[in-house]
Amino acid sequence: MPVKYLETTSCFKHLASAELKRLFSIAKTVRVPANTIIFSKDEAGETFFVVNSGRVKIFTTTATDRTKTLAYLGPGDFFGEMALLGGKVRSASARAEEDSELLVITKANFNRLIKKDGEFTLQLLHTLSERLRKADEEIEALLFHNMLGRLAGAILKLCGEVPPGCEPPGIEMSIQELADYIGTTREPLSRALAMLKRAGMLDYKDRKISIKDIARLRAIAPQHQ
């Protein structure tokens, strides 16, 4: 894997070329086929991952076999750090949604990075803080917002930042994938999708969600969206 991949990764982009080469020398690159489990919840965590290409799903499964999708990660995102920061075991599972290429760093080298590289540690803390904030928002949405608001908020989050005057990107997901992401089941989600479609806020066809009226979606989403 060329060092240039690391230059776009948030936790490593501050490093000079020589430092990136040293980092590359202590890591390895693995290719993971689509639909492959990278690690499972509650197993021992000995590695830290950075996504070079592809898409990774972070999820958890309840005692009743319901799945909750926590995040979808793409190039430049990292995962697997929680088990290396005192958690001991994985707090969630990870699966490659597409053919993916991952940078893998062992626990020993991860600990050296934390001790020697203040910028890496700060970026790691910033990302962890942001993930905790999003988790708090999801808990609030589950407690206080109806399905329409939760769906609108989830769609806006999946779209990411949309600059003024730009058309929102389409989202490709199945009904079940979207239900897992929101933390609900197919039936109420399908009803909510149909209502937003009838209201002219979005369209859903062949696994693709197209936003038709982003202003109205924002109006019914939780305020922090």
# chains A, B, ... in the order shown; residues from 1 in each chain; ligands from 1

$ select_by_dssp --residues "range 27-98 of chain A" --states "strand (DSSP E or B)" --output "PyMOL selection string"
chain A and resi 28-32+37-39+44+47-53+56-61+67-73+78-79+89+93-96

$ write_last_selection --atoms "N, CA and C atoms" --output "short mmCIF file (atom, residue, chain, number, x, y, z; two decimals), in the first residue's frame"
data_model
loop_
_atom_site.label_atom_id
_atom_site.label_comp_id
_atom_site.auth_asym_id
_atom_site.auth_seq_id
_atom_site.Cartn_x
_atom_site.Cartn_y
_atom_site.Cartn_z
N LYS A 28 0.55 -3.59 8.53
CA LYS A 28 0.40 -4.46 7.38
C LYS A 28 -0.95 -4.17 6.72
N THR A 29 -1.03 -4.51 5.46
CA THR A 29 -2.25 -4.28 4.70
C THR A 29 -2.94 -5.61 4.44
N VAL A 30 -4.24 -5.65 4.69
CA VAL A 30 -5.01 -6.86 4.42
C VAL A 30 -6.19 -6.51 3.51
N ARG A 31 -6.53 -7.42 2.64
CA ARG A 31 -7.69 -7.26 1.76
C ARG A 31 -8.80 -8.17 2.27
N VAL A 32 -9.96 -7.60 2.47
CA VAL A 32 -11.07 -8.33 3.07
C VAL A 32 -12.23 -8.38 2.07
N ILE A 37 -16.72 -11.07 8.14
CA ILE A 37 -16.62 -10.55 9.50
C ILE A 37 -15.16 -10.27 9.82
N ILE A 38 -14.85 -9.04 10.19
CA ILE A 38 -13.48 -8.65 10.54
C ILE A 38 -13.18 -9.02 11.99
N PHE A 39 -14.11 -8.71 12.87
CA PHE A 39 -14.05 -9.22 14.25
C PHE A 39 -15.47 -9.21 14.81
N ALA A 44 -11.43 -10.96 22.05
CA ALA A 44 -10.28 -10.16 22.46
C ALA A 44 -9.82 -9.26 21.33
N THR A 47 -5.84 -5.61 17.68
CA THR A 47 -5.44 -4.84 16.50
C THR A 47 -6.32 -3.61 16.31
N PHE A 48 -5.74 -2.62 15.65
CA PHE A 48 -6.37 -1.33 15.32
C PHE A 48 -6.41 -1.26 13.79
N PHE A 49 -7.51 -0.75 13.23
CA PHE A 49 -7.70 -0.77 11.79
C PHE A 49 -7.92 0.62 11.22
N VAL A 50 -7.42 0.85 10.02
CA VAL A 50 -7.72 2.04 9.24
C VAL A 50 -8.24 1.59 7.89
N VAL A 51 -9.34 2.17 7.44
CA VAL A 51 -9.91 1.80 6.14
C VAL A 51 -9.17 2.54 5.03
N ASN A 52 -8.54 1.79 4.14
CA ASN A 52 -7.89 2.39 2.97
C ASN A 52 -8.87 2.50 1.81
N SER A 53 -9.68 1.46 1.61
CA SER A 53 -10.68 1.49 0.56
C SER A 53 -11.81 0.55 0.95
N VAL A 56 -16.94 -0.44 5.67
CA VAL A 56 -17.02 -1.34 6.82
C VAL A 56 -18.22 -0.96 7.68
N LYS A 57 -18.95 -1.96 8.09
CA LYS A 57 -20.12 -1.76 8.96
C LYS A 57 -19.76 -2.15 10.39
N ILE A 58 -20.03 -1.25 11.34
CA ILE A 58 -19.85 -1.53 12.77
C ILE A 58 -21.25 -1.75 13.35
N PHE A 59 -21.46 -2.88 14.01
CA PHE A 59 -22.82 -3.21 14.47
C PHE A 59 -22.76 -4.04 15.74
N THR A 60 -23.90 -4.14 16.39
CA THR A 60 -24.02 -4.99 17.57
C THR A 60 -25.31 -5.78 17.46
N THR A 61 -25.37 -6.90 18.14
CA THR A 61 -26.55 -7.78 18.11
C THR A 61 -27.04 -7.99 19.53
N THR A 67 -30.35 -6.63 15.27
CA THR A 67 -29.10 -5.97 14.91
C THR A 67 -29.27 -4.46 14.95
N LYS A 68 -28.29 -3.77 15.52
CA LYS A 68 -28.25 -2.30 15.50
C LYS A 68 -26.96 -1.88 14.83
N THR A 69 -27.08 -1.18 13.72
CA THR A 69 -25.92 -0.66 13.02
C THR A 69 -25.45 0.61 13.72
N LEU A 70 -24.19 0.65 14.11
CA LEU A 70 -23.64 1.80 14.82
C LEU A 70 -23.01 2.80 13.87
N ALA A 71 -22.40 2.32 12.80
CA ALA A 71 -21.72 3.24 11.86
C ALA A 71 -21.35 2.50 10.59
N TYR A 72 -21.24 3.29 9.52
CA TYR A 72 -20.63 2.83 8.29
C TYR A 72 -19.35 3.64 8.10
N LEU A 73 -18.23 2.96 7.87
CA LEU A 73 -16.94 3.62 7.77
C LEU A 73 -16.37 3.46 6.38
N PHE A 78 -11.13 5.07 11.04
CA PHE A 78 -10.46 4.00 11.79
C PHE A 78 -11.43 3.39 12.79
N PHE A 79 -11.09 2.17 13.23
CA PHE A 79 -11.95 1.47 14.19
C PHE A 79 -11.12 0.41 14.92
N VAL A 89 -12.08 -6.46 25.43
CA VAL A 89 -12.80 -7.19 24.38
C VAL A 89 -13.52 -6.19 23.48
N SER A 93 -19.23 -5.56 16.65
CA SER A 93 -18.68 -6.36 15.55
C SER A 93 -18.41 -5.48 14.35
N ALA A 94 -17.53 -5.96 13.46
CA ALA A 94 -17.20 -5.23 12.24
C ALA A 94 -17.26 -6.18 11.06
N ARG A 95 -17.87 -5.71 9.97
CA ARG A 95 -17.99 -6.53 8.76
C ARG A 95 -17.71 -5.69 7.52
N ALA A 96 -16.99 -6.25 6.58
CA ALA A 96 -16.75 -5.56 5.31
C ALA A 96 -18.03 -5.62 4.47
#

$ residues_around --residues "Ala192 in chain A" --least-positions-apart "6" --cutoff "12 Å" --atoms "only C-alpha atoms" --output "PyMOL selection string"
chain A and resi 146-152+175+178-179+182+184-186+198-199+201-204

$ write_last_selection --atoms "C-alpha atoms" --output "mmCIF file, in the first residue's frame"
data_model
loop_
_atom_site.group_PDB
_atom_site.id
_atom_site.type_symbol
_atom_site.label_atom_id
_atom_site.label_comp_id
_atom_site.auth_asym_id
_atom_site.auth_seq_id
_atom_site.Cartn_x
_atom_site.Cartn_y
_atom_site.Cartn_z
ATOM 1 C CA ASN A 146 -41.101 9.746 16.682
ATOM 2 C CA MET A 147 -40.232 7.453 13.790
ATOM 3 C CA LEU A 148 -40.562 10.171 11.140
ATOM 4 C CA GLY A 149 -38.092 12.399 12.958
ATOM 5 C CA ARG A 150 -35.663 9.548 13.589
ATOM 6 C CA LEU A 151 -35.811 8.506 9.935
ATOM 7 C CA ALA A 152 -35.288 12.060 8.715
ATOM 8 C CA ILE A 175 -35.082 -1.516 4.118
ATOM 9 C CA LEU A 178 -31.850 1.186 7.221
ATOM 10 C CA ALA A 179 -33.964 -0.365 10.002
ATOM 11 C CA ILE A 182 -32.099 3.432 13.068
ATOM 12 C CA THR A 184 -36.209 -0.391 14.599
ATOM 13 C CA THR A 185 -37.948 -3.064 12.537
ATOM 14 C CA ARG A 186 -38.974 -3.147 8.872
ATOM 15 C CA ARG A 198 -46.106 10.830 -0.155
ATOM 16 C CA ALA A 199 -45.166 14.167 1.416
ATOM 17 C CA MET A 201 -39.605 14.847 0.919
ATOM 18 C CA LEU A 202 -37.861 11.817 -0.581
ATOM 19 C CA ASP A 203 -38.151 8.969 -3.049
ATOM 20 C CA TYR A 204 -37.237 5.323 -2.506
#

$ closest_residue --among "A:Leu85, A:Leu122, A:Ile155, A:Leu132" --to "Lys212 in chain A" --atoms "only C-alpha atoms"
A:Ile155

$ atom_distance --atom1 "CA of Glu98 in chain A" --atom2 "CA of Gly54 in chain A"
5.5 Å

$ decode --residues "range 153-201 of chain A" --atoms "N, CA and C atoms" --output "PDB file, in the first residue's frame"
ATOM      1  N   GLY A 153     -33.657  12.238  10.517  1.00  0.00           N
ATOM      2  CA  GLY A 153     -32.331  12.491  11.074  1.00  0.00           C
ATOM      3  C   GLY A 153     -31.296  11.496  10.571  1.00  0.00           C
ATOM      4  N   ALA A 154     -31.693  10.212  10.459  1.00  0.00           N
ATOM      5  CA  ALA A 154     -30.770   9.180   9.986  1.00  0.00           C
ATOM      6  C   ALA A 154     -30.382   9.418   8.534  1.00  0.00           C
ATOM      7  N   ILE A 155     -31.344   9.789   7.703  1.00  0.00           N
ATOM      8  CA  ILE A 155     -31.060  10.047   6.292  1.00  0.00           C
ATOM      9  C   ILE A 155     -30.117  11.235   6.141  1.00  0.00           C
ATOM     10  N   LEU A 156     -30.355  12.271   6.921  1.00  0.00           N
ATOM     11  CA  LEU A 156     -29.471  13.444   6.865  1.00  0.00           C
ATOM     12  C   LEU A 156     -28.061  13.089   7.323  1.00  0.00           C
ATOM     13  N   LYS A 157     -27.951  12.253   8.354  1.00  0.00           N
ATOM     14  CA  LYS A 157     -26.633  11.852   8.846  1.00  0.00           C
ATOM     15  C   LYS A 157     -25.900  11.023   7.798  1.00  0.00           C
ATOM     16  N   LEU A 158     -26.602  10.113   7.133  1.00  0.00           N
ATOM     17  CA  LEU A 158     -25.980   9.278   6.115  1.00  0.00           C
ATOM     18  C   LEU A 158     -25.526  10.097   4.909  1.00  0.00           C
ATOM     19  N   CYS A 159     -26.244  11.178   4.625  1.00  0.00           N
ATOM     20  CA  CYS A 159     -25.864  12.049   3.507  1.00  0.00           C
ATOM     21  C   CYS A 159     -24.609  12.857   3.808  1.00  0.00           C
ATOM     22  N   GLY A 160     -24.383  13.156   5.079  1.00  0.00           N
ATOM     23  CA  GLY A 160     -23.257  14.000   5.446  1.00  0.00           C
ATOM     24  C   GLY A 160     -23.562  15.463   5.187  1.00  0.00           C
ATOM     25  N   GLU A 161     -22.537  16.296   5.257  1.00  0.00           N
ATOM     26  CA  GLU A 161     -22.710  17.732   5.033  1.00  0.00           C
ATOM     27  C   GLU A 161     -23.047  17.999   3.562  1.00  0.00           C
ATOM     28  N   VAL A 162     -24.103  18.769   3.344  1.00  0.00           N
ATOM     29  CA  VAL A 162     -24.506  19.145   1.988  1.00  0.00           C
ATOM     30  C   VAL A 162     -24.345  20.655   1.843  1.00  0.00           C
ATOM     31  N   PRO A 163     -23.373  21.120   1.066  1.00  0.00           N
ATOM     32  CA  PRO A 163     -23.170  22.566   0.897  1.00  0.00           C
ATOM     33  C   PRO A 163     -24.413  23.245   0.328  1.00  0.00           C
ATOM     34  N   PRO A 164     -24.661  24.506   0.706  1.00  0.00           N
ATOM     35  CA  PRO A 164     -25.817  25.240   0.177  1.00  0.00           C
ATOM     36  C   PRO A 164     -25.822  25.242  -1.351  1.00  0.00           C
ATOM     37  N   GLY A 165     -26.976  24.982  -1.913  1.00  0.00           N
ATOM     38  CA  GLY A 165     -27.110  24.996  -3.358  1.00  0.00           C
ATOM     39  C   GLY A 165     -26.741  23.698  -4.044  1.00  0.00           C
ATOM     40  N   CYS A 166     -26.205  22.731  -3.286  1.00  0.00           N
ATOM     41  CA  CYS A 166     -25.809  21.450  -3.869  1.00  0.00           C
ATOM     42  C   CYS A 166     -26.914  20.409  -3.666  1.00  0.00           C
ATOM     43  N   GLU A 167     -26.998  19.486  -4.583  1.00  0.00           N
ATOM     44  CA  GLU A 167     -28.000  18.426  -4.485  1.00  0.00           C
ATOM     45  C   GLU A 167     -27.507  17.335  -3.544  1.00  0.00           C
ATOM     46  N   PRO A 168     -28.335  16.894  -2.594  1.00  0.00           N
ATOM     47  CA  PRO A 168     -27.909  15.833  -1.667  1.00  0.00           C
ATOM     48  C   PRO A 168     -27.596  14.546  -2.421  1.00  0.00           C
ATOM     49  N   PRO A 169     -26.580  13.806  -1.981  1.00  0.00           N
ATOM     50  CA  PRO A 169     -26.258  12.543  -2.650  1.00  0.00           C
ATOM     51  C   PRO A 169     -27.314  11.488  -2.363  1.00  0.00           C
ATOM     52  N   GLY A 170     -27.451  10.532  -3.257  1.00  0.00           N
ATOM     53  CA  GLY A 170     -28.367   9.426  -3.025  1.00  0.00           C
ATOM     54  C   GLY A 170     -27.768   8.440  -2.029  1.00  0.00           C
ATOM     55  N   ILE A 171     -28.617   7.681  -1.379  1.00  0.00           N
ATOM     56  CA  ILE A 171     -28.190   6.685  -0.399  1.00  0.00           C
ATOM     57  C   ILE A 171     -28.677   5.321  -0.868  1.00  0.00           C
ATOM     58  N   GLU A 172     -27.798   4.356  -0.958  1.00  0.00           N
ATOM     59  CA  GLU A 172     -28.186   3.001  -1.359  1.00  0.00           C
ATOM     60  C   GLU A 172     -28.181   2.084  -0.142  1.00  0.00           C
ATOM     61  N   MET A 173     -29.371   1.689   0.278  1.00  0.00           N
ATOM     62  CA  MET A 173     -29.523   0.794   1.429  1.00  0.00           C
ATOM     63  C   MET A 173     -30.826   0.020   1.278  1.00  0.00           C
ATOM     64  N   SER A 174     -30.831  -1.198   1.776  1.00  0.00           N
ATOM     65  CA  SER A 174     -32.077  -1.957   1.819  1.00  0.00           C
ATOM     66  C   SER A 174     -32.921  -1.475   3.002  1.00  0.00           C
ATOM     67  N   ILE A 175     -34.199  -1.860   2.998  1.00  0.00           N
ATOM     68  CA  ILE A 175     -35.082  -1.516   4.118  1.00  0.00           C
ATOM     69  C   ILE A 175     -34.514  -2.076   5.423  1.00  0.00           C
ATOM     70  N   GLN A 176     -34.019  -3.329   5.383  1.00  0.00           N
ATOM     71  CA  GLN A 176     -33.487  -3.948   6.596  1.00  0.00           C
ATOM     72  C   GLN A 176     -32.232  -3.239   7.077  1.00  0.00           C
ATOM     73  N   GLU A 177     -31.338  -2.852   6.163  1.00  0.00           N
ATOM     74  CA  GLU A 177     -30.121  -2.131   6.559  1.00  0.00           C
ATOM     75  C   GLU A 177     -30.465  -0.806   7.215  1.00  0.00           C
ATOM     76  N   LEU A 178     -31.451  -0.097   6.654  1.00  0.00           N
ATOM     77  CA  LEU A 178     -31.850   1.186   7.221  1.00  0.00           C
ATOM     78  C   LEU A 178     -32.516   0.989   8.578  1.00  0.00           C
ATOM     79  N   ALA A 179     -33.327  -0.062   8.713  1.00  0.00           N
ATOM     80  CA  ALA A 179     -33.964  -0.365  10.002  1.00  0.00           C
ATOM     81  C   ALA A 179     -32.912  -0.670  11.060  1.00  0.00           C
ATOM     82  N   ASP A 180     -31.891  -1.438  10.688  1.00  0.00           N
ATOM     83  CA  ASP A 180     -30.813  -1.748  11.632  1.00  0.00           C
ATOM     84  C   ASP A 180     -30.063  -0.485  12.038  1.00  0.00           C
ATOM     85  N   TYR A 181     -29.900   0.427  11.109  1.00  0.00           N
ATOM     86  CA  TYR A 181     -29.170   1.666  11.401  1.00  0.00           C
ATOM     87  C   TYR A 181     -29.947   2.541  12.375  1.00  0.00           C
ATOM     88  N   ILE A 182     -31.271   2.587  12.209  1.00  0.00           N
ATOM     89  CA  ILE A 182     -32.099   3.432  13.068  1.00  0.00           C
ATOM     90  C   ILE A 182     -32.376   2.756  14.410  1.00  0.00           C
ATOM     91  N   GLY A 183     -32.407   1.427  14.400  1.00  0.00           N
ATOM     92  CA  GLY A 183     -32.718   0.700  15.615  1.00  0.00           C
ATOM     93  C   GLY A 183     -34.195   0.405  15.727  1.00  0.00           C
ATOM     94  N   THR A 184     -34.787  -0.074  14.615  1.00  0.00           N
ATOM     95  CA  THR A 184     -36.209  -0.391  14.599  1.00  0.00           C
ATOM     96  C   THR A 184     -36.413  -1.638  13.745  1.00  0.00           C
ATOM     97  N   THR A 185     -37.652  -1.922  13.388  1.00  0.00           N
ATOM     98  CA  THR A 185     -37.948  -3.064  12.537  1.00  0.00           C
ATOM     99  C   THR A 185     -38.469  -2.580  11.184  1.00  0.00           C
ATOM    100  N   ARG A 186     -38.615  -3.514  10.251  1.00  0.00           N
ATOM    101  CA  ARG A 186     -38.974  -3.147   8.872  1.00  0.00           C
ATOM    102  C   ARG A 186     -40.345  -2.479   8.772  1.00  0.00           C
ATOM    103  N   GLU A 187     -41.327  -2.969   9.536  1.00  0.00           N
ATOM    104  CA  GLU A 187     -42.702  -2.511   9.352  1.00  0.00           C
ATOM    105  C   GLU A 187     -42.888  -1.022   9.651  1.00  0.00           C
ATOM    106  N   PRO A 188     -42.503  -0.537  10.862  1.00  0.00           N
ATOM    107  CA  PRO A 188     -42.667   0.900  11.114  1.00  0.00           C
ATOM    108  C   PRO A 188     -41.791   1.759  10.207  1.00  0.00           C
ATOM    109  N   LEU A 189     -40.614   1.249   9.859  1.00  0.00           N
ATOM    110  CA  LEU A 189     -39.753   2.005   8.958  1.00  0.00           C
ATOM    111  C   LEU A 189     -40.382   2.135   7.582  1.00  0.00           C
ATOM    112  N   SER A 190     -40.949   1.053   7.066  1.00  0.00           N
ATOM    113  CA  SER A 190     -41.592   1.097   5.746  1.00  0.00           C
ATOM    114  C   SER A 190     -42.745   2.094   5.725  1.00  0.00           C
ATOM    115  N   ARG A 191     -43.504   2.129   6.832  1.00  0.00           N
ATOM    116  CA  ARG A 191     -44.612   3.090   6.912  1.00  0.00           C
ATOM    117  C   ARG A 191     -44.077   4.523   6.917  1.00  0.00           C
ATOM    118  N   ALA A 192     -43.006   4.757   7.670  1.00  0.00           N
ATOM    119  CA  ALA A 192     -42.428   6.107   7.735  1.00  0.00           C
ATOM    120  C   ALA A 192     -41.855   6.524   6.386  1.00  0.00           C
ATOM    121  N   LEU A 193     -41.181   5.609   5.706  1.00  0.00           N
ATOM    122  CA  LEU A 193     -40.661   5.908   4.357  1.00  0.00           C
ATOM    123  C   LEU A 193     -41.790   6.277   3.408  1.00  0.00           C
ATOM    124  N   ALA A 194     -42.870   5.509   3.474  1.00  0.00           N
ATOM    125  CA  ALA A 194     -44.017   5.772   2.589  1.00  0.00           C
ATOM    126  C   ALA A 194     -44.620   7.147   2.871  1.00  0.00           C
ATOM    127  N   MET A 195     -44.689   7.529   4.151  1.00  0.00           N
ATOM    128  CA  MET A 195     -45.254   8.833   4.499  1.00  0.00           C
ATOM    129  C   MET A 195     -44.371   9.975   3.989  1.00  0.00           C
ATOM    130  N   LEU A 196     -43.053   9.830   4.149  1.00  0.00           N
ATOM    131  CA  LEU A 196     -42.154  10.879   3.668  1.00  0.00           C
ATOM    132  C   LEU A 196     -42.159  10.948   2.144  1.00  0.00           C
ATOM    133  N   LYS A 197     -42.344   9.808   1.512  1.00  0.00           N
ATOM    134  CA  LYS A 197     -42.424   9.786   0.051  1.00  0.00           C
ATOM    135  C   LYS A 197     -43.699  10.484  -0.421  1.00  0.00           C
ATOM    136  N   ARG A 198     -44.841  10.187   0.221  1.00  0.00           N
ATOM    137  CA  ARG A 198     -46.106  10.830  -0.155  1.00  0.00           C
ATOM    138  C   ARG A 198     -46.051  12.333   0.085  1.00  0.00           C
ATOM    139  N   ALA A 199     -45.287  12.738   1.105  1.00  0.00           N
ATOM    140  CA  ALA A 199     -45.166  14.167   1.416  1.00  0.00           C
ATOM    141  C   ALA A 199     -44.199  14.885   0.476  1.00  0.00           C
ATOM    142  N   GLY A 200     -43.540  14.147  -0.399  1.00  0.00           N
ATOM    143  CA  GLY A 200     -42.645  14.760  -1.370  1.00  0.00           C
ATOM    144  C   GLY A 200     -41.269  15.111  -0.822  1.00  0.00           C
ATOM    145  N   MET A 201     -40.910  14.537   0.338  1.00  0.00           N
ATOM    146  CA  MET A 201     -39.605  14.847   0.919  1.00  0.00           C
ATOM    147  C   MET A 201     -38.501  13.959   0.370  1.00  0.00           C
TER     148      MET A 201
END
